[in-house]
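protein-v3.cif (mmCIF, C-alpha atoms and all ligand atoms) appears below.
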```cif
data_model
loop_
_atom_site.group_PDB
_atom_site.id
_atom_site.type_symbol
_atom_site.label_atom_id
_atom_site.label_comp_id
_atom_site.auth_asym_id
_atom_site.auth_seq_id
_atom_site.Cartn_x
_atom_site.Cartn_y
_atom_site.Cartn_z
ATOM 1 C CA MET A 205 -9.793 -29.412 6.094
ATOM 2 C CA GLU A 206 -9.900 -32.104 8.776
ATOM 3 C CA ASN A 207 -7.049 -30.632 10.836
ATOM 4 C CA ARG A 208 -6.781 -27.108 9.553
ATOM 5 C CA PHE A 209 -6.627 -25.711 13.118
ATOM 6 C CA SER A 210 -4.145 -28.214 14.406
ATOM 7 C CA GLY A 211 -1.677 -26.601 16.823
ATOM 8 C CA LYS A 212 -3.898 -23.510 17.138
ATOM 9 C CA VAL A 213 -5.339 -22.125 20.356
ATOM 10 C CA ALA A 214 -8.807 -20.570 20.205
ATOM 11 C CA VAL A 215 -10.832 -18.630 22.773
ATOM 12 C CA VAL A 216 -14.596 -18.380 22.180
ATOM 13 C CA THR A 217 -16.725 -16.283 24.540
ATOM 14 C CA GLY A 218 -20.437 -16.903 25.071
ATOM 15 C CA SER A 219 -20.033 -20.504 24.033
ATOM 16 C CA SER A 220 -22.122 -22.615 26.439
ATOM 17 C CA HIS A 221 -24.970 -22.443 23.965
ATOM 18 C CA GLY A 222 -25.968 -21.483 20.480
ATOM 19 C CA ILE A 223 -23.645 -19.929 17.924
ATOM 20 C CA GLY A 224 -20.590 -19.910 20.215
ATOM 21 C CA LEU A 225 -20.912 -23.597 21.056
ATOM 22 C CA ALA A 226 -21.268 -24.449 17.351
ATOM 23 C CA ALA A 227 -18.019 -22.547 16.670
ATOM 24 C CA VAL A 228 -16.229 -24.362 19.518
ATOM 25 C CA GLU A 229 -17.305 -27.702 18.014
ATOM 26 C CA ILE A 230 -15.934 -26.840 14.565
ATOM 27 C CA PHE A 231 -12.605 -25.425 15.805
ATOM 28 C CA ALA A 232 -12.049 -28.371 18.143
ATOM 29 C CA SER A 233 -13.064 -31.038 15.630
ATOM 30 C CA GLN A 234 -10.576 -29.517 13.187
ATOM 31 C CA GLY A 235 -7.665 -29.794 15.602
ATOM 32 C CA ALA A 236 -7.655 -26.637 17.769
ATOM 33 C CA LYS A 237 -7.394 -26.479 21.514
ATOM 34 C CA VAL A 238 -10.432 -24.412 22.443
ATOM 35 C CA TYR A 239 -11.227 -22.437 25.565
ATOM 36 C CA LEU A 240 -14.994 -22.342 26.016
ATOM 37 C CA VAL A 241 -15.502 -19.098 27.960
ATOM 38 C CA ASP A 242 -18.890 -18.322 29.467
ATOM 39 C CA ILE A 243 -20.606 -16.831 32.500
ATOM 40 C CA ASP A 244 -22.804 -19.937 32.852
ATOM 41 C CA ARG A 245 -20.725 -22.354 34.898
ATOM 42 C CA ASN A 246 -23.166 -25.274 34.730
ATOM 43 C CA LYS A 247 -23.937 -25.169 31.026
ATOM 44 C CA GLY A 248 -20.353 -24.257 30.098
ATOM 45 C CA GLY A 249 -18.843 -27.021 32.228
ATOM 46 C CA GLU A 250 -21.312 -29.577 30.842
ATOM 47 C CA ALA A 251 -20.714 -28.549 27.230
ATOM 48 C CA ALA A 252 -16.924 -28.761 27.610
ATOM 49 C CA LEU A 253 -17.160 -32.154 29.331
ATOM 50 C CA LYS A 254 -19.361 -33.525 26.554
ATOM 51 C CA LEU A 255 -16.875 -32.400 23.906
ATOM 52 C CA ARG A 256 -13.910 -33.828 25.840
ATOM 53 C CA GLU A 257 -15.762 -37.163 25.992
ATOM 54 C CA GLN A 258 -15.777 -37.041 22.175
ATOM 55 C CA GLY A 259 -11.985 -36.721 22.283
ATOM 56 C CA LEU A 260 -11.870 -32.977 21.621
ATOM 57 C CA ASN A 261 -9.451 -30.622 23.348
ATOM 58 C CA VAL A 262 -11.873 -28.198 25.028
ATOM 59 C CA LYS A 263 -11.474 -26.462 28.369
ATOM 60 C CA PHE A 264 -14.113 -24.394 30.162
ATOM 61 C CA ILE A 265 -13.266 -21.089 31.837
ATOM 62 C CA GLU A 266 -15.973 -19.263 33.760
ATOM 63 C CA CYS A 267 -15.874 -15.556 32.958
ATOM 64 C CA ASP A 268 -18.106 -12.510 32.900
ATOM 65 C CA VAL A 269 -16.870 -10.591 29.860
ATOM 66 C CA ALA A 270 -18.263 -7.359 31.326
ATOM 67 C CA SER A 271 -15.964 -7.528 34.349
ATOM 68 C CA PRO A 272 -12.307 -6.440 33.980
ATOM 69 C CA GLN A 273 -11.269 -8.619 36.945
ATOM 70 C CA SER A 274 -13.084 -11.681 35.650
ATOM 71 C CA VAL A 275 -11.516 -11.171 32.206
ATOM 72 C CA GLN A 276 -8.035 -10.864 33.765
ATOM 73 C CA ASN A 277 -8.628 -14.113 35.673
ATOM 74 C CA MET A 278 -9.747 -15.812 32.448
ATOM 75 C CA VAL A 279 -6.573 -14.728 30.643
ATOM 76 C CA ALA A 280 -4.473 -15.955 33.567
ATOM 77 C CA SER A 281 -6.094 -19.414 33.245
ATOM 78 C CA ILE A 282 -4.898 -19.883 29.661
ATOM 79 C CA GLU A 283 -2.128 -22.456 29.734
ATOM 80 C CA GLU A 284 -0.376 -21.491 26.482
ATOM 81 C CA ASN A 285 1.703 -18.353 25.925
ATOM 82 C CA ASN A 286 -0.124 -17.477 22.706
ATOM 83 C CA VAL A 287 -3.669 -17.370 21.357
ATOM 84 C CA ASP A 288 -4.304 -17.679 17.597
ATOM 85 C CA ILE A 289 -8.065 -17.122 17.473
ATOM 86 C CA LEU A 290 -10.400 -15.003 19.583
ATOM 87 C CA CYS A 291 -14.159 -15.008 18.980
ATOM 88 C CA ASN A 292 -15.960 -12.280 20.914
ATOM 89 C CA ASN A 293 -19.390 -13.852 20.721
ATOM 90 C CA ALA A 294 -21.000 -13.362 24.167
ATOM 91 C CA GLY A 295 -24.069 -11.174 23.930
ATOM 92 C CA VAL A 296 -27.451 -10.511 25.500
ATOM 93 C CA GLU A 297 -30.690 -9.259 24.004
ATOM 94 C CA LEU A 298 -33.329 -6.829 25.261
ATOM 95 C CA THR A 299 -36.718 -6.214 23.677
ATOM 96 C CA ALA A 300 -37.409 -2.588 24.563
ATOM 97 C CA GLY A 301 -37.688 0.790 22.909
ATOM 98 C CA ILE A 302 -36.176 3.917 24.454
ATOM 99 C CA ASP A 303 -39.233 4.566 26.678
ATOM 100 C CA GLU A 304 -38.979 1.159 28.340
ATOM 101 C CA THR A 305 -35.171 0.930 28.503
ATOM 102 C CA SER A 306 -33.856 1.851 31.943
ATOM 103 C CA VAL A 307 -30.400 3.332 32.389
ATOM 104 C CA GLU A 308 -29.412 0.125 34.214
ATOM 105 C CA GLU A 309 -30.507 -2.036 31.271
ATOM 106 C CA TRP A 310 -28.676 0.256 28.834
ATOM 107 C CA ASP A 311 -25.518 -0.112 30.922
ATOM 108 C CA ARG A 312 -25.946 -3.901 31.246
ATOM 109 C CA LEU A 313 -26.250 -4.409 27.495
ATOM 110 C CA SER A 314 -23.395 -2.009 26.765
ATOM 111 C CA SER A 315 -21.130 -3.674 29.291
ATOM 112 C CA ILE A 316 -21.678 -7.204 27.938
ATOM 113 C CA ASN A 317 -22.161 -6.573 24.206
ATOM 114 C CA LEU A 318 -19.661 -3.754 23.642
ATOM 115 C CA ARG A 319 -17.347 -3.328 26.632
ATOM 116 C CA GLY A 320 -16.981 -7.151 26.684
ATOM 117 C CA PRO A 321 -15.234 -7.463 23.287
ATOM 118 C CA PHE A 322 -13.074 -4.428 24.152
ATOM 119 C CA LEU A 323 -12.019 -5.853 27.531
ATOM 120 C CA VAL A 324 -11.363 -9.377 26.271
ATOM 121 C CA THR A 325 -9.393 -8.238 23.206
ATOM 122 C CA LYS A 326 -7.345 -5.781 25.279
ATOM 123 C CA ALA A 327 -6.544 -8.311 27.994
ATOM 124 C CA LEU A 328 -5.591 -11.007 25.456
ATOM 125 C CA LEU A 329 -3.440 -8.710 23.294
ATOM 126 C CA PRO A 330 -0.099 -9.892 24.679
ATOM 127 C CA LEU A 331 -1.064 -13.478 23.705
ATOM 128 C CA LEU A 332 -2.587 -12.483 20.345
ATOM 129 C CA GLU A 333 0.568 -10.587 19.365
ATOM 130 C CA VAL A 334 2.919 -13.531 19.806
ATOM 131 C CA LYS A 335 2.302 -15.139 16.395
ATOM 132 C CA GLY A 336 -0.349 -12.856 14.899
ATOM 133 C CA ALA A 337 -4.004 -13.827 15.289
ATOM 134 C CA ALA A 338 -7.568 -13.613 14.032
ATOM 135 C CA VAL A 339 -10.318 -11.934 16.030
ATOM 136 C CA VAL A 340 -13.940 -12.468 14.986
ATOM 137 C CA ASN A 341 -16.673 -10.451 16.673
ATOM 138 C CA THR A 342 -20.355 -11.354 16.594
ATOM 139 C CA SER A 343 -22.491 -8.341 15.754
ATOM 140 C CA SER A 344 -25.983 -8.767 14.254
ATOM 141 C CA ILE A 345 -28.255 -7.554 11.482
ATOM 142 C CA SER A 346 -29.427 -5.341 14.353
ATOM 143 C CA GLY A 347 -26.037 -3.628 14.090
ATOM 144 C CA LEU A 348 -26.722 -2.799 10.450
ATOM 145 C CA LEU A 349 -30.395 -1.867 10.596
ATOM 146 C CA GLY A 350 -32.816 -0.342 13.050
ATOM 147 C CA TRP A 351 -35.285 -2.792 14.575
ATOM 148 C CA PRO A 352 -38.430 -1.987 16.548
ATOM 149 C CA LEU A 353 -38.122 -2.259 20.337
ATOM 150 C CA SER A 354 -34.387 -2.819 20.267
ATOM 151 C CA THR A 355 -32.751 0.450 21.317
ATOM 152 C CA ALA A 356 -29.885 -0.843 23.453
ATOM 153 C CA TYR A 357 -29.352 -4.068 21.484
ATOM 154 C CA CYS A 358 -29.145 -2.299 18.088
ATOM 155 C CA ALA A 359 -26.904 0.438 19.456
ATOM 156 C CA THR A 360 -24.467 -1.992 21.067
ATOM 157 C CA LYS A 361 -24.366 -4.247 17.991
ATOM 158 C CA GLY A 362 -23.708 -1.184 15.810
ATOM 159 C CA GLY A 363 -20.868 -0.403 18.202
ATOM 160 C CA VAL A 364 -19.418 -3.887 17.662
ATOM 161 C CA ILE A 365 -19.171 -3.154 13.917
ATOM 162 C CA GLN A 366 -17.258 0.078 14.496
ATOM 163 C CA LEU A 367 -15.089 -1.569 17.167
ATOM 164 C CA THR A 368 -14.230 -4.241 14.579
ATOM 165 C CA LYS A 369 -13.125 -1.678 12.002
ATOM 166 C CA GLN A 370 -11.188 0.324 14.570
ATOM 167 C CA LEU A 371 -9.397 -2.722 15.995
ATOM 168 C CA ALA A 372 -8.514 -3.761 12.431
ATOM 169 C CA CYS A 373 -6.844 -0.329 12.072
ATOM 170 C CA ASP A 374 -5.096 -0.585 15.438
ATOM 171 C CA LEU A 375 -3.836 -4.141 15.067
ATOM 172 C CA GLY A 376 -3.150 -4.748 11.365
ATOM 173 C CA ALA A 377 0.542 -3.910 11.746
ATOM 174 C CA LYS A 378 0.782 -6.598 14.426
ATOM 175 C CA ASN A 379 -0.633 -9.178 11.978
ATOM 176 C CA ILE A 380 -3.869 -9.393 13.950
ATOM 177 C CA ARG A 381 -6.899 -9.518 11.657
ATOM 178 C CA VAL A 382 -10.235 -8.346 13.076
ATOM 179 C CA ASN A 383 -13.555 -9.066 11.374
ATOM 180 C CA CYS A 384 -17.173 -9.466 12.336
ATOM 181 C CA VAL A 385 -20.247 -11.437 11.359
ATOM 182 C CA CYS A 386 -23.772 -10.060 11.396
ATOM 183 C CA PRO A 387 -26.083 -13.025 11.873
ATOM 184 C CA GLY A 388 -29.704 -12.988 10.839
ATOM 185 C CA THR A 389 -32.247 -14.657 13.084
ATOM 186 C CA THR A 390 -30.735 -17.898 14.380
ATOM 187 C CA LYS A 391 -32.285 -20.845 16.209
ATOM 188 C CA THR A 392 -30.619 -20.518 19.625
ATOM 189 C CA PRO A 393 -31.804 -20.102 23.225
ATOM 190 C CA MET A 394 -31.691 -16.328 22.599
ATOM 191 C CA LEU A 395 -34.380 -16.685 19.928
ATOM 192 C CA SER A 396 -36.484 -18.941 22.182
ATOM 193 C CA ARG A 397 -36.434 -16.213 24.827
ATOM 194 C CA LEU A 398 -37.568 -13.610 22.278
ATOM 195 C CA LEU A 399 -40.506 -15.586 20.849
ATOM 196 C CA SER A 400 -43.270 -16.809 23.130
ATOM 197 C CA ASP A 401 -44.253 -20.477 22.892
ATOM 198 C CA ASP A 402 -47.851 -19.810 21.834
ATOM 199 C CA GLU A 403 -49.847 -18.957 18.715
ATOM 200 C CA GLU A 404 -48.724 -15.320 18.823
ATOM 201 C CA GLY A 405 -45.063 -16.378 19.065
ATOM 202 C CA ARG A 406 -45.452 -18.848 16.179
ATOM 203 C CA GLN A 407 -47.065 -16.160 14.020
ATOM 204 C CA ALA A 408 -44.265 -13.705 14.849
ATOM 205 C CA ALA A 409 -41.693 -16.405 13.973
ATOM 206 C CA LYS A 410 -43.316 -16.914 10.558
ATOM 207 C CA GLU A 411 -43.311 -13.191 9.849
ATOM 208 C CA ILE A 412 -39.686 -12.742 10.883
ATOM 209 C CA ALA A 413 -38.560 -15.811 8.902
ATOM 210 C CA ALA A 414 -40.334 -14.428 5.811
ATOM 211 C CA ARG A 415 -38.238 -11.238 5.986
ATOM 212 C CA HIS A 416 -35.085 -13.304 5.252
ATOM 213 C CA LEU A 417 -34.713 -13.918 1.493
ATOM 214 C CA LEU A 418 -34.210 -17.618 2.235
ATOM 215 C CA LYS A 419 -37.531 -17.628 4.174
ATOM 216 C CA ARG A 420 -36.178 -19.375 7.245
ATOM 217 C CA PHE A 421 -34.025 -18.944 10.353
ATOM 218 C CA ALA A 422 -30.343 -19.930 10.457
ATOM 219 C CA GLU A 423 -29.009 -22.976 12.247
ATOM 220 C CA PRO A 424 -26.241 -22.007 14.729
ATOM 221 C CA ARG A 425 -23.740 -23.990 12.641
ATOM 222 C CA GLU A 426 -24.426 -21.834 9.576
ATOM 223 C CA ILE A 427 -23.267 -18.749 11.499
ATOM 224 C CA ALA A 428 -20.389 -20.637 13.099
ATOM 225 C CA GLU A 429 -19.070 -21.722 9.671
ATOM 226 C CA ALA A 430 -18.735 -18.043 8.671
ATOM 227 C CA ILE A 431 -16.961 -17.251 11.955
ATOM 228 C CA VAL A 432 -14.594 -20.169 11.375
ATOM 229 C CA PHE A 433 -13.883 -19.018 7.804
ATOM 230 C CA LEU A 434 -12.922 -15.527 9.020
ATOM 231 C CA ALA A 435 -10.706 -17.082 11.707
ATOM 232 C CA SER A 436 -8.976 -19.418 9.240
ATOM 233 C CA ASP A 437 -5.987 -18.949 6.946
ATOM 234 C CA ALA A 438 -8.466 -19.020 4.033
ATOM 235 C CA ALA A 439 -9.276 -15.430 5.090
ATOM 236 C CA SER A 440 -5.602 -14.413 5.480
ATOM 237 C CA PHE A 441 -6.067 -11.089 3.602
ATOM 238 C CA VAL A 442 -9.436 -10.220 5.147
ATOM 239 C CA THR A 443 -9.515 -7.641 7.921
ATOM 240 C CA GLY A 444 -11.982 -4.939 8.948
ATOM 241 C CA ALA A 445 -14.746 -6.819 7.113
ATOM 242 C CA VAL A 446 -18.379 -6.887 8.177
ATOM 243 C CA LEU A 447 -20.010 -10.056 6.866
ATOM 244 C CA PRO A 448 -23.795 -10.407 6.954
ATOM 245 C CA VAL A 449 -24.705 -14.063 7.449
ATOM 246 C CA ASP A 450 -28.369 -13.365 7.278
ATOM 247 C CA GLY A 451 -30.146 -15.333 4.566
ATOM 248 C CA GLY A 452 -30.322 -12.086 2.588
ATOM 249 C CA TYR A 453 -32.146 -10.075 5.256
ATOM 250 C CA THR A 454 -30.049 -6.939 4.640
ATOM 251 C CA ALA A 455 -29.802 -7.379 0.849
ATOM 252 C CA LYS A 456 -33.205 -5.859 0.161
HETATM 253 N N1 LIG A 501 -29.811 -15.843 17.880
HETATM 254 C C1 LIG A 501 -29.921 -14.827 17.030
HETATM 255 O O1 LIG A 501 -30.938 -14.708 16.304
HETATM 256 C C2 LIG A 501 -28.799 -13.822 16.874
HETATM 257 C C3 LIG A 501 -28.864 -12.937 15.783
HETATM 258 C C4 LIG A 501 -27.862 -11.997 15.614
HETATM 259 C C5 LIG A 501 -26.795 -11.953 16.499
HETATM 260 N N2 LIG A 501 -26.747 -12.811 17.555
HETATM 261 C C6 LIG A 501 -25.589 -12.702 18.455
HETATM 262 O O2 LIG A 501 -24.903 -13.930 18.474
HETATM 263 C C7 LIG A 501 -24.207 -14.091 19.718
HETATM 264 C C8 LIG A 501 -24.549 -15.449 20.284
HETATM 265 O O3 LIG A 501 -25.944 -15.465 20.526
HETATM 266 P P1 LIG A 501 -26.824 -16.781 20.629
HETATM 267 O O4 LIG A 501 -28.021 -16.556 19.837
HETATM 268 O O5 LIG A 501 -25.983 -17.983 20.419
HETATM 269 O O6 LIG A 501 -27.255 -16.566 22.149
HETATM 270 P P2 LIG A 501 -27.337 -17.522 23.411
HETATM 271 O O7 LIG A 501 -28.097 -16.766 24.425
HETATM 272 O O8 LIG A 501 -27.796 -18.840 22.986
HETATM 273 O O9 LIG A 501 -25.811 -17.583 23.815
HETATM 274 C C9 LIG A 501 -25.145 -16.473 24.376
HETATM 275 C C10 LIG A 501 -24.091 -16.986 25.324
HETATM 276 O O10 LIG A 501 -23.444 -15.864 25.938
HETATM 277 C C11 LIG A 501 -23.282 -16.153 27.309
HETATM 278 N N3 LIG A 501 -23.157 -14.909 28.068
HETATM 279 C C12 LIG A 501 -24.143 -14.019 28.352
HETATM 280 N N4 LIG A 501 -23.653 -13.021 29.109
HETATM 281 C C13 LIG A 501 -22.329 -13.280 29.287
HETATM 282 C C14 LIG A 501 -21.291 -12.617 29.982
HETATM 283 N N5 LIG A 501 -21.504 -11.480 30.658
HETATM 284 N N6 LIG A 501 -20.049 -13.160 29.963
HETATM 285 C C15 LIG A 501 -19.821 -14.319 29.303
HETATM 286 N N7 LIG A 501 -20.768 -15.002 28.646
HETATM 287 C C16 LIG A 501 -22.009 -14.481 28.630
HETATM 288 C C17 LIG A 501 -24.516 -16.969 27.675
HETATM 289 O O11 LIG A 501 -24.356 -17.719 28.869
HETATM 290 C C18 LIG A 501 -24.673 -17.851 26.438
HETATM 291 O O12 LIG A 501 -23.900 -19.029 26.547
HETATM 292 C C19 LIG A 501 -24.660 -12.922 20.601
HETATM 293 O O13 LIG A 501 -23.669 -11.912 20.564
HETATM 294 C C20 LIG A 501 -25.934 -12.436 19.912
HETATM 295 O O14 LIG A 501 -26.184 -11.085 20.166
HETATM 296 C C21 LIG A 501 -27.725 -13.750 17.751
#
```
Go ahead and express the file in the form of structure tokens.
Amino acid sequence: MENRFSGKVAVVTGSSHGIGLAAVEIFASQGAKVYLVDIDRNKGGEAALKLREQGLNVKFIECDVASPQSVQNMVASIEENNVDILCNNAGVELTAGIDETSVEEWDRLSSINLRGPFLVTKALLPLLEVKGAAVVNTSSISGLLGWPLSTAYCATKGGVIQLTKQLACDLGAKNIRVNCVCPGTTKTPMLSRLLSDDEEGRQAAKEIAARHLLKRFAEPREIAEAIVFLASDAASFVTGAVLPVDGGYTAK
């Protein structure tokens, strides 16, 4: 277990914070070289430095996953000629129903949450094909269910699920497995932005937590462990799978 990713190269997008950073920590502490890819240069650089100080092999690459040019530059910065693991995890939220969602906001969410995984997977394909690889996308319970005031977020996360299945079809013959996780509510900066830091926010948090069968939110590491499982050889015959990691939210 200790070194199960030794000799492997992993790329994790959206990994300055939250779920992505937790996945970087697990891959790197189990022997992988990890590229921490994020749009946030300060947070990403700091996170990578901190992990390197712990002796882990982590390198930061600044990248906007919505931009084809930025994604090409990111791929060009990878020092190895193969990539074993790609986690398309970068994502942004928006609390708005269709009336309040502008066309610009729709396009922004689509370009990060859905075009991002498409662009990054496409640009990395030549490196993923070298030895075969595992791709793990981060969708959401919002990709499985409707959710009030979440038009663009739910639609893009639903798209990530279908993209996962389609890429599994496209890439299976190349020994590239493609799966996705659907996290329930997870304690990350994204959640802090969604819930106000006042009595109303605390009440909303209680109500949302109660809708998970386990009656609580996830820790980022609990989602990251599922991502790491799907990326590992323990999941060598798993592809096209959609795994809720949601404390039972979607079981009811
Ligand atoms: N937190 C939750 O409750 C929850 C639930 C279900 C799914 N998710 C999904 O999990 C993933 C990680 O979310 P999180 O909660 O850790 O969020 P987070 O906001 O803590 O982290 C998201 C990361 O993505 C990065 N990012 C944003 N736009 C980017 C871009 N254009 N290019 C590159 N990086 C970009 C951010 O800088 C940040 O580091 C997202 O896809 C999110 O939709 C989160």
Could you pull the residues within 8 Å of Val449 in chain A, counting all atoms listed in the file, minus those fewer than 4 positions along the same chain, as a PyMOL selection string? chain A and resi 385-388+427+430
By how many Å are atom O11 of ligand LIG 501 (chain A) and CA of Ser306 in chain A apart?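 Taking atom O11 of ligand LIG 501 (chain A) and CA of Ser306 in chain A, their separation equals 22.0 Å.
Between CA of Glu304 in chain A and CA of Leu318 in chain A the separation is 20.5 Å.
For the set A:Val279, A:Ala214, A:Ala445, A:Cys291, the residue with the smallest atom-to-atom gap to ligand LIG 501 (chain A) is A:Cys291, counting all atoms listed in the file.
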Smallest atom-to-atom distance to ligand LIG 501 (chain A): which of A:Asn207, A:Thr392, A:Asn246, A:Asn292, using all atoms listed in the file?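 Looking at the shortest contact to ligand LIG 501 (chain A), the residue is A:Thr392.
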Can you translate the PyMOL selection byres (((not hetatm)) within 7 of (chain A and resi 501)) into the concrete residues it hits in this file, as a VMD selection string? chain A and resid 217 to 224 241 to 244 267 to 270 293 to 297 316 to 317 342 to 346 386 to 395 424
Selection file, C-alpha atoms, as a PDB file, in the coordinates of the input:
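Wrote it out as selection-v3.pdb, contents follow:
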```
ATOM      1  CA  THR A 217     -16.725 -16.283  24.540  1.00  0.00           C
ATOM      2  CA  GLY A 218     -20.437 -16.903  25.071  1.00  0.00           C
ATOM      3  CA  SER A 219     -20.033 -20.504  24.033  1.00  0.00           C
ATOM      4  CA  SER A 220     -22.122 -22.615  26.439  1.00  0.00           C
ATOM      5  CA  HIS A 221     -24.970 -22.443  23.965  1.00  0.00           C
ATOM      6  CA  GLY A 222     -25.968 -21.483  20.480  1.00  0.00           C
ATOM      7  CA  ILE A 223     -23.645 -19.929  17.924  1.00  0.00           C
ATOM      8  CA  GLY A 224     -20.590 -19.910  20.215  1.00  0.00           C
ATOM      9  CA  VAL A 241     -15.502 -19.098  27.960  1.00  0.00           C
ATOM     10  CA  ASP A 242     -18.890 -18.322  29.467  1.00  0.00           C
ATOM     11  CA  ILE A 243     -20.606 -16.831  32.500  1.00  0.00           C
ATOM     12  CA  ASP A 244     -22.804 -19.937  32.852  1.00  0.00           C
ATOM     13  CA  CYS A 267     -15.874 -15.556  32.958  1.00  0.00           C
ATOM     14  CA  ASP A 268     -18.106 -12.510  32.900  1.00  0.00           C
ATOM     15  CA  VAL A 269     -16.870 -10.591  29.860  1.00  0.00           C
ATOM     16  CA  ALA A 270     -18.263  -7.359  31.326  1.00  0.00           C
ATOM     17  CA  ASN A 293     -19.390 -13.852  20.721  1.00  0.00           C
ATOM     18  CA  ALA A 294     -21.000 -13.362  24.167  1.00  0.00           C
ATOM     19  CA  GLY A 295     -24.069 -11.174  23.930  1.00  0.00           C
ATOM     20  CA  VAL A 296     -27.451 -10.511  25.500  1.00  0.00           C
ATOM     21  CA  GLU A 297     -30.690  -9.259  24.004  1.00  0.00           C
ATOM     22  CA  ILE A 316     -21.678  -7.204  27.938  1.00  0.00           C
ATOM     23  CA  ASN A 317     -22.161  -6.573  24.206  1.00  0.00           C
ATOM     24  CA  THR A 342     -20.355 -11.354  16.594  1.00  0.00           C
ATOM     25  CA  SER A 343     -22.491  -8.341  15.754  1.00  0.00           C
ATOM     26  CA  SER A 344     -25.983  -8.767  14.254  1.00  0.00           C
ATOM     27  CA  ILE A 345     -28.255  -7.554  11.482  1.00  0.00           C
ATOM     28  CA  SER A 346     -29.427  -5.341  14.353  1.00  0.00           C
ATOM     29  CA  CYS A 386     -23.772 -10.060  11.396  1.00  0.00           C
ATOM     30  CA  PRO A 387     -26.083 -13.025  11.873  1.00  0.00           C
ATOM     31  CA  GLY A 388     -29.704 -12.988  10.839  1.00  0.00           C
ATOM     32  CA  THR A 389     -32.247 -14.657  13.084  1.00  0.00           C
ATOM     33  CA  THR A 390     -30.735 -17.898  14.380  1.00  0.00           C
ATOM     34  CA  LYS A 391     -32.285 -20.845  16.209  1.00  0.00           C
ATOM     35  CA  THR A 392     -30.619 -20.518  19.625  1.00  0.00           C
ATOM     36  CA  PRO A 393     -31.804 -20.102  23.225  1.00  0.00           C
ATOM     37  CA  MET A 394     -31.691 -16.328  22.599  1.00  0.00           C
ATOM     38  CA  LEU A 395     -34.380 -16.685  19.928  1.00  0.00           C
ATOM     39  CA  PRO A 424     -26.241 -22.007  14.729  1.00  0.00           C
TER      40      PRO A 424
END
```
Explicit residues for the PyMOL selection byres (((chain A and resi 364-378) around 8) and not hetatm) (as a ChimeraX atom specification): /A:317-318,321-322,333,336,341-343,347,360-363,379-384,443-446
Can I get the selected residues back with C-alpha atoms, as an mmCIF file, in the coordinates of the input?
```cif
data_model
loop_
_atom_site.group_PDB
_atom_site.id
_atom_site.type_symbol
_atom_site.label_atom_id
_atom_site.label_comp_id
_atom_site.auth_asym_id
_atom_site.auth_seq_id
_atom_site.Cartn_x
_atom_site.Cartn_y
_atom_site.Cartn_z
ATOM 1 C CA ASN A 317 -22.161 -6.573 24.206
ATOM 2 C CA LEU A 318 -19.661 -3.754 23.642
ATOM 3 C CA PRO A 321 -15.234 -7.463 23.287
ATOM 4 C CA PHE A 322 -13.074 -4.428 24.152
ATOM 5 C CA GLU A 333 0.568 -10.587 19.365
ATOM 6 C CA GLY A 336 -0.349 -12.856 14.899
ATOM 7 C CA ASN A 341 -16.673 -10.451 16.673
ATOM 8 C CA THR A 342 -20.355 -11.354 16.594
ATOM 9 C CA SER A 343 -22.491 -8.341 15.754
ATOM 10 C CA GLY A 347 -26.037 -3.628 14.090
ATOM 11 C CA THR A 360 -24.467 -1.992 21.067
ATOM 12 C CA LYS A 361 -24.366 -4.247 17.991
ATOM 13 C CA GLY A 362 -23.708 -1.184 15.810
ATOM 14 C CA GLY A 363 -20.868 -0.403 18.202
ATOM 15 C CA ASN A 379 -0.633 -9.178 11.978
ATOM 16 C CA ILE A 380 -3.869 -9.393 13.950
ATOM 17 C CA ARG A 381 -6.899 -9.518 11.657
ATOM 18 C CA VAL A 382 -10.235 -8.346 13.076
ATOM 19 C CA ASN A 383 -13.555 -9.066 11.374
ATOM 20 C CA CYS A 384 -17.173 -9.466 12.336
ATOM 21 C CA THR A 443 -9.515 -7.641 7.921
ATOM 22 C CA GLY A 444 -11.982 -4.939 8.948
ATOM 23 C CA ALA A 445 -14.746 -6.819 7.113
ATOM 24 C CA VAL A 446 -18.379 -6.887 8.177
#
```
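For the choices A:Ser274, A:Ala251, A:Asp288, A:Ile431, the atom-to-atom distance to Val334 in chain A is smallest for A:Asp288 when using all atoms listed in the file.
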Quick one, how far is CA of Leu349 in chain A from CA of Ala455 in chain A? 11.2 Å
Can you tell me, as a list in words, what residues are no more than 8 Å from range 229-238 of chain A when counting all atoms listed in the file, ignoring any on the same chain fewer than 4 positions away? Met205, Glu206, Asn207, Arg208, Phe209, Ser210, Gly211, Lys212, Val213, Ala214, Val215, Val216, Leu225, Leu255, Leu260, Asn261, Val262, Lys263, Ala428, Glu429 and Val432 of chain A
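The set of residues that the PyMOL selection byres (((chain A and resi 289) around 6) and not hetatm) takes from this file is Ala214, Val287, Asp288, Leu290, Ala337, Ala338 and Val339 of chain A.
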Taking into account all atoms listed in the file, which residue in the set A:Ala356, A:Leu323, A:Ala227, A:Leu332 is nearest to Glu308 in chain A?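 The shortest atom-to-atom distance to Glu308 in chain A comes from A:Ala356.
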Return as AutoDock Vina command-line options the box centre and box size in Å, one decimal, for an axis-aligned box around all listed atoms of range 402-413 of chain A padded by 4 Å per side.
```
--center_x -44.2 --center_y -16.3 --center_z 15.4 --size_x 19.3 --size_y 15.1 --size_z 20.9
```
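If you count all atoms listed in the file and ignore residues fewer than 5 places along the chain from range 408-412 of chain A, what sits within 9 Å of it is A:Thr389, A:Leu399, A:Ser400, A:Glu403, A:Lys419, A:Arg420, A:Phe421.
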Would you pick out the contacts of Gly451 in chain A at 6 Å or less, using only C-alpha atoms, so that residues sharing its chain but fewer than 3 positions from it are not included, and give the list as a CSV table (one decimal) with C-alpha atoms, in the frame of the given file?
```csv
chain,number,residue,atom,x,y,z
A,416,HIS,CA,-35.1,-13.3,5.3
A,417,LEU,CA,-34.7,-13.9,1.5
A,418,LEU,CA,-34.2,-17.6,2.2
```
